[in-house]
file structure_14.cif (mmCIF, C-alpha atoms)
data_structure
loop_
_atom_site.label_atom_id
_atom_site.label_comp_id
_atom_site.auth_asym_id
_atom_site.auth_seq_id
_atom_site.Cartn_x
_atom_site.Cartn_y
_atom_site.Cartn_z
CA MET A 1 0.00 0.00 0.00
CA LYS A 2 1.42 3.37 -0.99
CA PHE A 3 0.04 6.66 0.27
CA ARG A 4 0.57 9.70 -1.95
CA GLY A 5 -1.10 13.08 -2.22
CA LYS A 6 -1.94 12.68 -5.90
CA THR A 7 -4.63 10.19 -4.91
CA MET A 8 -6.86 13.07 -3.78
CA ILE A 9 -7.01 14.21 -7.41
CA LYS A 10 -7.28 10.76 -8.95
CA ILE A 11 -10.26 9.44 -6.99
CA ALA A 12 -13.01 11.70 -8.31
CA ALA A 13 -13.98 9.35 -11.16
CA SER A 14 -13.62 6.32 -8.93
CA LEU A 15 -15.87 7.83 -6.27
CA LEU A 16 -18.53 8.50 -8.88
CA ALA A 17 -18.43 4.86 -9.98
CA ALA A 18 -18.66 3.75 -6.37
CA ALA A 19 -21.55 6.04 -5.60
CA LEU A 20 -23.51 4.75 -8.56
CA ALA A 21 -23.48 1.32 -6.99
CA LEU A 22 -24.52 2.34 -3.48
CA PRO A 23 -28.26 2.22 -2.74
CA GLY A 24 -29.88 5.30 -1.26
CA LEU A 25 -27.13 7.70 -2.32
CA ALA A 26 -27.79 10.24 -5.06
CA THR A 27 -24.89 10.52 -7.50
CA GLY A 28 -25.26 13.63 -9.62
CA LEU A 29 -26.49 17.18 -9.14
CA LYS A 30 -29.26 16.83 -11.71
CA ALA A 31 -30.64 13.85 -9.80
CA GLN A 32 -30.95 15.67 -6.49
CA SER A 33 -34.10 16.26 -4.50
CA ALA A 34 -34.89 17.29 -0.96
CA CYS A 35 -35.15 14.58 1.70
CA SER A 36 -32.29 12.58 0.18
CA VAL A 37 -28.62 11.81 0.77
CA TYR A 38 -25.81 12.92 -1.52
CA ARG A 39 -22.14 11.95 -1.82
CA VAL A 40 -19.89 14.89 -2.73
CA GLN A 41 -18.04 14.73 -6.04
CA LYS A 42 -15.12 16.78 -7.35
CA GLY A 43 -16.19 20.30 -8.30
CA ASP A 44 -19.31 20.34 -6.10
CA SER A 45 -20.26 23.31 -3.93
CA LEU A 46 -23.04 23.78 -1.40
CA LYS A 47 -24.37 26.75 -3.39
CA GLU A 48 -24.70 24.78 -6.65
CA LEU A 49 -26.21 21.86 -4.76
CA ALA A 50 -28.77 24.19 -3.17
CA LYS A 51 -29.68 25.57 -6.62
CA GLN A 52 -30.34 22.10 -7.95
CA VAL A 53 -32.29 20.91 -4.92
CA TYR A 54 -34.17 24.02 -3.76
CA GLY A 55 -33.87 26.39 -6.71
CA ASP A 56 -32.55 29.33 -4.72
CA GLY A 57 -28.84 28.76 -4.13
CA ASP A 58 -29.24 29.28 -0.38
CA TYR A 59 -26.57 26.87 0.85
CA ARG A 60 -27.15 27.59 4.54
CA ARG A 61 -29.88 25.01 5.09
CA ILE A 62 -27.58 22.27 3.77
CA TRP A 63 -24.62 23.61 5.75
CA ARG A 64 -26.56 23.76 9.03
CA ALA A 65 -27.73 20.18 8.58
CA ASN A 66 -24.18 18.96 7.90
CA ARG A 67 -21.95 21.10 10.12
CA ALA A 68 -20.34 18.01 11.66
CA GLU A 69 -19.41 16.73 8.19
CA VAL A 70 -18.56 20.01 6.43
CA GLY A 71 -16.96 21.94 9.28
CA ARG A 72 -16.89 25.68 9.89
CA ASN A 73 -16.17 26.72 6.30
CA PRO A 74 -19.13 26.09 3.96
CA ASN A 75 -16.94 26.90 0.95
CA VAL A 76 -14.85 23.77 1.44
CA ILE A 77 -16.49 20.35 1.14
CA SER A 78 -14.56 17.11 0.81
CA VAL A 79 -14.92 14.65 -2.05
CA GLY A 80 -16.64 11.55 -0.69
CA ALA A 81 -18.46 13.34 2.14
CA VAL A 82 -22.06 12.17 2.65
CA LEU A 83 -24.51 15.07 3.00
CA LYS A 84 -28.11 15.02 4.23
CA LEU A 85 -30.35 17.23 2.09
CA PRO A 86 -33.12 18.58 4.37
CA CYS A 87 -36.76 18.09 3.47
CA LEU A 88 -38.80 21.12 2.44
CA ASP A 89 -40.27 21.33 5.94
CA GLY A 90 -36.77 21.39 7.46
CA ALA A 91 -36.77 17.78 8.65
CA LEU A 92 -33.78 15.59 7.89
CA PRO A 93 -34.17 12.58 5.56
CA GLU A 94 -35.05 9.47 7.50
CA THR A 95 -32.93 7.34 5.14
CA ALA A 96 -29.72 9.23 5.82
CA ALA A 97 -28.40 7.05 8.60
CA ALA A 98 -29.20 3.85 6.80
CA SER A 99 -27.82 5.05 3.48
CA ALA A 100 -24.37 6.16 4.60
CA PRO A 101 -21.96 3.19 4.40
CA GLY A 102 -21.01 1.81 7.77
CA THR A 103 -23.73 3.61 9.73
CA GLY A 104 -26.65 1.34 9.07
CA THR A 105 -27.23 -2.38 9.30
CA GLY A 106 -25.49 -3.22 6.03
CA ILE A 107 -21.76 -3.65 5.42
CA SER A 108 -20.05 -1.93 2.50
CA LEU A 109 -16.80 -3.29 1.04
CA VAL A 110 -14.55 -1.80 -1.62
CA THR A 111 -12.10 -3.60 -3.89
CA GLY A 112 -10.76 -3.04 -7.40
CA ASN A 113 -10.38 -4.63 -10.81
CA GLY A 114 -7.24 -6.05 -12.33
CA TYR A 115 -5.98 -8.17 -9.42
CA LEU A 116 -6.45 -11.50 -11.18
CA PRO A 117 -7.60 -14.04 -10.19
CA TYR A 118 -8.53 -12.53 -6.84
CA THR A 119 -10.67 -9.49 -7.63
CA ASP A 120 -12.07 -8.52 -11.00
CA GLU A 121 -15.62 -7.99 -12.19
CA SER A 122 -14.99 -10.12 -15.29
CA LEU A 123 -14.29 -13.24 -13.23
CA LYS A 124 -16.61 -15.83 -11.78
CA GLY A 125 -17.89 -14.53 -8.46
CA ARG A 126 -16.05 -11.26 -9.31
CA GLY A 127 -12.83 -12.95 -8.26
CA LEU A 128 -11.68 -15.65 -5.90
CA VAL A 129 -11.17 -13.43 -2.86
CA THR A 130 -14.32 -11.41 -3.55
CA GLU A 131 -16.35 -14.60 -3.40
CA LEU A 132 -14.60 -15.81 -0.24
CA VAL A 133 -15.18 -12.51 1.58
CA THR A 134 -18.82 -12.13 0.58
CA LYS A 135 -19.63 -15.78 1.35
CA ALA A 136 -17.93 -15.50 4.75
CA MET A 137 -20.08 -12.51 5.68
CA LEU A 138 -23.18 -14.27 4.38
CA ARG A 139 -22.50 -17.36 6.47
CA ALA A 140 -21.80 -15.36 9.64
CA VAL A 141 -24.67 -12.85 9.36
CA PRO A 142 -27.09 -14.04 6.66
CA GLU A 143 -29.60 -11.31 7.53
CA THR A 144 -27.11 -8.46 6.92
CA PRO A 145 -26.82 -6.92 3.44
CA VAL A 146 -23.26 -6.94 2.11
CA GLU A 147 -22.31 -4.70 -0.81
CA VAL A 148 -19.04 -4.88 -2.78
CA VAL A 149 -18.11 -1.88 -4.94
CA PHE A 150 -15.15 -1.78 -7.35
CA VAL A 151 -13.01 1.39 -7.24
CA ASN A 152 -9.90 0.93 -9.35
CA ASP A 153 -7.70 3.50 -7.63
CA TRP A 154 -6.26 1.03 -5.13
CA ALA A 155 -4.26 3.55 -3.13
CA ALA A 156 -7.42 5.62 -2.59
CA HIS A 157 -8.98 2.78 -0.60
CA LEU A 158 -6.64 3.24 2.37
CA GLU A 159 -5.74 6.89 1.88
CA VAL A 160 -9.22 8.33 1.51
CA LEU A 161 -12.19 5.97 1.31
CA LEU A 162 -11.75 4.04 4.57
CA PRO A 163 -10.54 7.01 6.69
CA ARG A 164 -13.61 8.97 5.56
CA ARG A 165 -15.89 5.98 6.07
CA ALA A 166 -17.11 5.96 2.49
CA PHE A 167 -16.84 2.18 2.96
CA ASP A 168 -16.46 -0.11 5.95
CA ALA A 169 -13.60 -2.23 4.65
CA SER A 170 -11.29 -2.89 1.70
CA PHE A 171 -9.71 -6.06 0.33
CA PRO A 172 -7.41 -7.77 -0.44
CA TRP A 173 -4.42 -6.37 1.46
CA THR A 174 -1.39 -7.84 3.17
CA ARG A 175 -0.71 -6.90 6.78
CA PRO A 176 2.69 -5.43 7.68
CA ASP A 177 4.74 -7.17 10.35
CA CYS A 178 3.68 -4.74 13.06
CA ALA A 179 5.50 -6.79 15.71
CA ALA A 180 8.84 -5.71 14.19
CA PRO A 181 8.51 -1.90 13.95
CA GLU A 182 12.23 -1.44 13.33
CA ARG A 183 11.85 -3.10 9.91
CA LEU A 184 8.79 -1.15 8.80
CA THR A 185 8.73 1.54 6.15
CA PRO A 186 6.93 4.81 7.04
CA VAL A 187 3.95 3.64 4.99
CA GLU A 188 3.77 0.35 6.88
CA THR A 189 4.14 2.14 10.22
CA TYR A 190 1.14 4.26 9.25
CA ALA A 191 -0.81 1.12 8.31
CA CYS A 192 -0.06 -0.55 11.64
CA ALA A 193 -1.22 2.54 13.54
CA ASN A 194 -4.41 3.15 11.57
CA PHE A 195 -5.79 -0.16 10.30
CA VAL A 196 -6.99 -3.47 11.66
CA TYR A 197 -6.99 -6.65 9.59
CA SER A 198 -9.04 -9.80 9.35
CA ASP A 199 -7.70 -13.32 9.61
CA PRO A 200 -6.07 -14.51 6.35
CA VAL A 201 -8.55 -15.03 3.53
CA TYR A 202 -6.09 -16.55 1.07
CA GLU A 203 -2.36 -17.22 0.87
CA ILE A 204 -0.34 -16.05 -2.13
CA VAL A 205 3.18 -16.52 -3.47
CA GLU A 206 4.88 -13.23 -4.34
CA GLY A 207 7.30 -13.83 -7.21
CA PHE A 208 9.59 -12.06 -9.65
CA PHE A 209 9.27 -12.09 -13.44
CA ALA A 210 12.11 -11.28 -15.85
CA ARG A 211 13.15 -11.61 -19.47
CA PRO A 212 14.70 -15.02 -20.29
CA GLY A 213 18.47 -15.26 -20.17
CA THR A 214 18.97 -12.28 -17.87
CA GLU A 215 20.82 -12.43 -14.56
CA GLN A 216 17.58 -11.51 -12.79
CA ALA A 217 15.82 -14.56 -14.23
CA ALA A 218 18.60 -16.85 -12.94
CA ALA A 219 19.31 -15.22 -9.54
CA THR A 220 19.16 -17.82 -6.76
CA ARG A 221 19.07 -15.35 -3.86
CA PRO A 222 17.42 -11.97 -3.21
CA ALA A 223 20.87 -10.38 -3.17
CA GLY A 224 21.06 -11.06 -6.89
CA LEU A 225 18.15 -8.68 -7.45
CA LYS A 226 19.45 -5.66 -5.55
CA ALA A 227 20.64 -3.74 -8.58
CA ALA A 228 17.48 -4.44 -10.59
CA ARG A 229 14.91 -1.94 -11.78
CA ILE A 230 11.76 -3.41 -10.25
CA CYS A 231 8.15 -2.67 -11.19
CA ARG A 232 5.28 -3.20 -8.77
CA PRO A 233 1.83 -1.66 -9.39
CA GLU A 234 0.69 1.41 -7.47
CA GLY A 235 -1.18 0.54 -4.29
CA TYR A 236 0.42 -2.92 -3.92
CA PRO A 237 2.33 -3.25 -0.62
CA THR A 238 6.12 -3.29 -0.83
CA GLY A 239 7.02 -4.54 2.63
CA TYR A 240 8.03 -7.99 1.44
CA LEU A 241 10.69 -6.41 -0.77
CA GLU A 242 12.23 -4.98 2.39
CA GLU A 243 11.96 -8.39 4.08
CA LEU A 244 13.94 -9.90 1.22
CA GLY A 245 16.69 -7.36 1.78
CA LEU A 246 15.78 -5.19 -1.19
CA ALA A 247 16.14 -1.95 0.77
CA ARG A 248 15.06 1.31 -0.81
CA ALA A 249 18.67 2.52 -0.90
CA THR A 250 19.49 -0.18 -3.42
CA LEU A 251 16.12 -0.40 -5.14
CA ASP A 252 14.93 1.33 -8.29
CA LEU A 253 11.15 0.91 -7.94
CA ASN A 254 8.58 1.81 -10.60
CA ARG A 255 4.88 2.15 -9.62
CA PRO A 256 2.50 2.33 -12.64
CA ASP A 257 -1.25 2.00 -12.20
CA ASN A 258 -1.58 -1.73 -12.91
CA ALA A 259 0.19 -5.04 -13.52
CA TYR A 260 -0.33 -4.86 -17.29
CA ALA A 261 1.71 -1.65 -17.41
CA CYS A 262 4.49 -3.33 -15.41
CA PHE A 263 4.79 -6.23 -17.82
CA SER A 264 4.74 -3.89 -20.79
CA LEU A 265 7.65 -1.96 -19.26
CA LEU A 266 9.49 -5.25 -18.71
CA GLN A 267 8.98 -6.34 -22.31
CA GLN A 268 10.26 -2.95 -23.51
CA GLY A 269 13.40 -3.29 -21.37
CA LYS A 270 12.53 -0.28 -19.22
CA VAL A 271 12.54 -2.40 -16.03
CA ASP A 272 14.36 -5.63 -15.15
CA LEU A 273 11.76 -7.31 -12.95
CA VAL A 274 8.06 -7.33 -12.18
CA ALA A 275 7.36 -8.10 -8.54
CA ILE A 276 3.88 -9.58 -8.24
CA ASP A 277 2.15 -12.71 -7.06
CA THR A 278 2.64 -15.67 -9.33
CA ARG A 279 -1.00 -16.31 -10.26
CA THR A 280 -1.62 -12.70 -11.20
CA GLY A 281 1.60 -12.71 -13.21
CA ALA A 282 0.59 -15.81 -15.14
CA ARG A 283 -2.82 -14.35 -16.01
CA VAL A 284 -1.45 -11.00 -17.16
CA LEU A 285 1.25 -12.64 -19.28
CA GLU A 286 -1.40 -14.74 -21.01
CA ASP A 287 -3.60 -11.71 -21.62
CA LEU A 288 -0.67 -9.80 -23.15
CA GLY A 289 0.59 -12.74 -25.20
CA LEU A 290 3.94 -12.71 -23.39
CA THR A 291 3.87 -16.21 -21.86
CA HIS A 292 6.95 -17.37 -23.80
CA LYS A 293 8.76 -14.04 -23.70
CA ILE A 294 8.89 -13.49 -19.94
CA VAL A 295 9.67 -16.07 -17.25
CA GLU A 296 9.21 -16.37 -13.52
CA ASN A 297 12.34 -16.61 -11.38
CA PRO A 298 11.95 -20.04 -9.72
CA PHE A 299 14.27 -19.38 -6.79
CA VAL A 300 13.25 -16.10 -5.12
CA GLN A 301 9.75 -16.02 -3.68
CA HIS A 302 7.85 -14.79 -0.65
CA ILE A 303 4.70 -16.24 0.97
CA ASP A 304 2.10 -13.68 2.05
CA GLN A 305 -1.54 -13.64 3.14
CA LEU A 306 -4.42 -11.59 1.77
CA ARG A 307 -6.73 -9.99 4.33
CA VAL A 308 -9.52 -7.46 4.72
CA ALA A 309 -8.47 -4.05 6.06
CA LEU A 310 -10.59 -1.67 8.17
CA HIS A 311 -9.77 1.78 9.56
CA ARG A 312 -9.46 1.97 13.34
CA ASP A 313 -11.67 5.07 13.47
CA ASN A 314 -14.62 3.06 12.20
CA PRO A 315 -16.61 2.26 15.37
CA GLU A 316 -17.81 -0.93 13.71
CA ALA A 317 -14.32 -2.16 12.77
CA GLU A 318 -13.86 -4.69 15.56
CA ARG A 319 -17.39 -6.04 15.13
CA ILE A 320 -16.97 -6.44 11.38
CA VAL A 321 -13.57 -8.14 11.78
CA GLU A 322 -14.99 -10.54 14.34
CA THR A 323 -17.96 -11.31 12.10
CA LEU A 324 -15.76 -11.89 9.07
CA ASN A 325 -13.41 -14.15 11.01
CA ILE A 326 -16.34 -16.21 12.23
CA GLY A 327 -17.59 -16.53 8.66
CA LEU A 328 -14.17 -17.62 7.41
CA GLY A 329 -14.09 -20.27 10.12
CA ILE A 330 -17.48 -21.55 8.98
CA LEU A 331 -16.30 -21.73 5.36
CA LEU A 332 -13.17 -23.66 6.34
CA ALA A 333 -15.00 -26.10 8.62
CA SER A 334 -17.73 -26.86 6.09
CA GLY A 335 -15.36 -27.32 3.15
CA GLU A 336 -16.96 -24.43 1.26
CA TRP A 337 -13.70 -22.44 1.36
CA ALA A 338 -11.90 -25.26 -0.49
CA ASN A 339 -14.72 -25.55 -3.02
CA ILE A 340 -14.68 -21.82 -3.78
CA VAL A 341 -10.90 -21.86 -4.20
CA THR A 342 -10.98 -24.95 -6.41
CA GLU A 343 -13.68 -23.52 -8.66
CA GLY A 344 -12.01 -20.13 -8.79
CA LEU A 345 -8.67 -21.57 -9.83
CA LYS A 346 -10.35 -23.92 -12.30
CA HIS A 347 -12.08 -20.95 -13.87
CA GLN A 348 -8.75 -19.14 -13.98
CA ALA A 349 -7.08 -22.12 -15.67
CA GLY A 350 -9.88 -22.33 -18.21
CA ALA A 351 -9.56 -18.63 -18.98
CA LEU A 352 -5.84 -19.07 -19.59
CA VAL A 353 -6.37 -22.01 -21.92
CA ASN A 354 -9.06 -20.16 -23.89
#
call {"tool": "encode", "arguments": {"input": "structure_14.cif", "output": "structure tokens"}}
result
Amino acid sequence: MKFRGKTMIKIAASLLAAALALPGLATGLKAQSACSVYRVQKGDSLKELAKQVYGDGDYRRIWRANRAEVGRNPNVISVGAVLKLPCLDGALPETAAASAPGTGTGISLVTGNGYLPYTDESLKGRGLVTELVTKAMLRAVPETPVEVVFVNDWAAHLEVLLPRRAFDASFPWTRPDCAAPERLTPVETYACANFVYSDPVYEIVEGFFARPGTEQAAATRPAGLKAARICRPEGYPTGYLEELGLARATLDLNRPDNAYACFSLLQQGKVDLVAIDTRTGARVLEDLGLTHKIVENPFVQHIDQLRVALHRDNPEAERIVETLNIGLGILLASGEWANIVTEGLKHQAGALVN
């Protein structure tokens, strides 16, 4: 996970896509009406919102109803904030509490596309981990609605969306080794201080991909990779690189938006390695037609576990983690976890063959 200021600019489109999928939340100024709930988008203002809703541009009624969310300055509203639009008689919308993610009885989860075979809307069950997480919640609390929204700006999940409670939780993430703070990067230190994590949902093998015949493809130890130009997609955690001794002082790290961009850079000779889990790497290589042009280093690997992350400021975080862990236990005990994994990997294998 990588936290950078540019995410604040990048998430506007992603927030719009997320809002479109959330029930009870209006998503565009032209769709507004009194007695509703609205999620702020980039470029919004209370005055323009008041014009659309009430026809007079008097922002004060909206500001007074949302002082806790907006703050003292009505000219500054944050992208992703959830606003209650007062009814014509001054009452607040009854659906507001239930519509805002994390404040009602439902549970809202955010993930993203392109992390194959674990999360992607094109896959069976929208990805292996997506299906495991949603089924775990269903088994633990079958009466509770669970919504999964795809927002493709991965870094925005932890930088903006969870801290602002636009969603309850995000997946899949790896947890830093918080018990060894001396080995943590500043980003991982921040994650340990601000997030809680579920039990492992799935275990992955982080690998390294290189062009055939290069010293990186044949390296038998992590030390053989220290001088390499490494690509790892934006938002993917980098702690395991540190654990393998690939310290930042000796690491030239590229962070494009997705794994496809990394492999394209590798094929063009602009990087020496792609650091990514082996199943994702295999799928992307097949999609790009590079299966026989890029190889996986068979000697240097790292085992990691995918989890669900929740922000500590969410008052429901501990309850949701406990519920999810119970559901995962039910899946494991019943054999459903193994069935989901088997079917998910079988679907992945079939997609690669086809």
call {"tool": "resolve_selection", "arguments": {"input": "structure_14.cif", "expression": "the PyMOL selection byres ((chain A and resi 309) around 12)", "output": "PyMOL selection string"}}
result
chain A and resi 1+109-111+133+157-158+161-163+167-176+191-192+194-201+306-308+310-312+314+317-318+320-321+324
call {"tool": "write_last_selection", "arguments": {"input": "structure_14.cif", "atoms": "C-alpha atoms", "output": "compact mmCIF listing (two decimals), in the frame of the given file"}}
result
# COMPACT_ATOMS: atom_id res chain seq x y z
CA MET A 1 0.00 0.00 0.00
CA LEU A 109 -16.80 -3.29 1.04
CA VAL A 110 -14.55 -1.80 -1.62
CA THR A 111 -12.10 -3.60 -3.89
CA VAL A 133 -15.18 -12.51 1.58
CA HIS A 157 -8.98 2.78 -0.60
CA LEU A 158 -6.64 3.24 2.37
CA LEU A 161 -12.19 5.97 1.31
CA LEU A 162 -11.75 4.04 4.57
CA PRO A 163 -10.54 7.01 6.69
CA PHE A 167 -16.84 2.18 2.96
CA ASP A 168 -16.46 -0.11 5.95
CA ALA A 169 -13.60 -2.23 4.65
CA SER A 170 -11.29 -2.89 1.70
CA PHE A 171 -9.71 -6.06 0.33
CA PRO A 172 -7.41 -7.77 -0.44
CA TRP A 173 -4.42 -6.37 1.46
CA THR A 174 -1.39 -7.84 3.17
CA ARG A 175 -0.71 -6.90 6.78
CA PRO A 176 2.69 -5.43 7.68
CA ALA A 191 -0.81 1.12 8.31
CA CYS A 192 -0.06 -0.55 11.64
CA ASN A 194 -4.41 3.15 11.57
CA PHE A 195 -5.79 -0.16 10.30
CA VAL A 196 -6.99 -3.47 11.66
CA TYR A 197 -6.99 -6.65 9.59
CA SER A 198 -9.04 -9.80 9.35
CA ASP A 199 -7.70 -13.32 9.61
CA PRO A 200 -6.07 -14.51 6.35
CA VAL A 201 -8.55 -15.03 3.53
CA LEU A 306 -4.42 -11.59 1.77
CA ARG A 307 -6.73 -9.99 4.33
CA VAL A 308 -9.52 -7.46 4.72
CA LEU A 310 -10.59 -1.67 8.17
CA HIS A 311 -9.77 1.78 9.56
CA ARG A 312 -9.46 1.97 13.34
CA ASN A 314 -14.62 3.06 12.20
CA ALA A 317 -14.32 -2.16 12.77
CA GLU A 318 -13.86 -4.69 15.56
CA ILE A 320 -16.97 -6.44 11.38
CA VAL A 321 -13.57 -8.14 11.78
CA LEU A 324 -15.76 -11.89 9.07
call {"tool": "resolve_selection", "arguments": {"input": "structure_14.cif", "expression": "the PyMOL selection byres ((chain A and resi 134-138) around 10)", "output": "ChimeraX atom specification"}}
result
/A:107,109,125,129-133,139-148,201,320-321,323-332,336-337,340
call {"tool": "atom_distance", "arguments": {"input": "structure_14.cif", "atom1": "atom CA of Phe299 of chain A", "atom2": "atom CA of Ala223 of chain A"}}
result
11.7 Å
call {"tool": "residues_around", "arguments": {"input": "structure_14.cif", "residues": "Gly344 of chain A", "least_positions_apart": "6", "cutoff": "8 Å", "atoms": "all atoms listed in the file", "output": "compact mmCIF listing (two decimals) with C-alpha atoms, in the coordinates of the input"}}
result
# COMPACT_ATOMS: atom_id res chain seq x y z
CA PRO A 117 -7.60 -14.04 -10.19
CA LYS A 124 -16.61 -15.83 -11.78
CA GLY A 127 -12.83 -12.95 -8.26
CA LEU A 128 -11.68 -15.65 -5.90
call {"tool": "residues_around", "arguments": {"input": "structure_14.cif", "residues": "Arg183 of chain A", "least_positions_apart": "2", "cutoff": "8 Å", "atoms": "only C-alpha atoms", "output": "list in words"}}
result
Ala180, Pro181, Thr185, Glu242 and Glu243 of chain A
call {"tool": "atom_distance", "arguments": {"input": "structure_14.cif", "atom1": "atom CA of Pro86 of chain A", "atom2": "atom CA of Val151 of chain A"}}
result
28.9 Å
call {"tool": "resolve_selection", "arguments": {"input": "structure_14.cif", "expression": "the PyMOL selection byres ((chain A and resi 291) around 12)", "output": "JSON, numbers by chain"}}
result
{"A": [209, 210, 211, 212, 263, 267, 281, 282, 283, 284, 285, 286, 287, 288, 289, 290, 292, 293, 294, 295, 296, 352, 353]}
call {"tool": "closest_residue", "arguments": {"input": "structure_14.cif", "among": "A:Asn258, A:Leu85, A:Gly213, A:Gln52", "to": "Asp153 of chain A", "atoms": "all atoms listed in the file"}}
result
A:Asn258
call {"tool": "atom_distance", "arguments": {"input": "structure_14.cif", "atom1": "atom CA of Ala259 of chain A", "atom2": "atom CA of Gly114 of chain A"}}
result
7.6 Å
call {"tool": "closest_residue", "arguments": {"input": "structure_14.cif", "among": "A:Asn254, A:Ala338, A:Ile276, A:Pro93", "to": "Tyr202 of chain A", "atoms": "all atoms listed in the file"}}
result
A:Ala338
call {"tool": "axis_aligned_box", "arguments": {"input": "structure_14.cif", "around": "segment 303-320 of chain A", "padding_each_side": "4 Å", "output": "JSON"}}
result
{"center_x": -6.6, "center_y": -5.6, "center_z": 8.3, "size_x": 30.5, "size_y": 29.3, "size_z": 22.6}
call {"tool": "closest_residue", "arguments": {"input": "structure_14.cif", "among": "A:Arg64, A:Ala91, A:Leu123, A:Glu203", "to": "Lys346 of chain A", "atoms": "all atoms listed in the file"}}
result
A:Leu123
call {"tool": "closest_residue", "arguments": {"input": "structure_14.cif", "among": "A:Leu116, A:Val160, A:Leu253, A:Ile62", "to": "Ser78 of chain A", "atoms": "all atoms listed in the file"}}
result
A:Val160
call {"tool": "closest_atom_pairs", "arguments": {"input": "structure_14.cif", "of": "segment 121-179 of chain A", "to": "segment 34-48 of chain A", "cutoff": "12 Å", "atoms": "all atoms listed in the file", "output": "CSV"}}
result
residue,atom,partner,partner_atom,distance
A:Arg164,CA,A:Arg39,CA,11.7
A:Arg165,CA,A:Arg39,CA,11.7
A:Ala166,CA,A:Arg39,CA,8.9
call {"tool": "closest_residue", "arguments": {"input": "structure_14.cif", "among": "A:Val300, A:Leu244, A:Cys231, A:Ala156", "to": "Asp272 of chain A", "atoms": "all atoms listed in the file"}}
result
A:Cys231
call {"tool": "closest_residue", "arguments": {"input": "structure_14.cif", "among": "A:Cys178, A:Gly90, A:Glu188, A:Leu49", "to": "Asn75 of chain A", "atoms": "all atoms listed in the file"}}
result
A:Leu49
call {"tool": "residues_around", "arguments": {"input": "structure_14.cif", "residues": "Glu69 of chain A", "least_positions_apart": "4", "cutoff": "8 Å", "atoms": "all atoms listed in the file", "output": "number ranges by chain"}}
result
A: 81-83
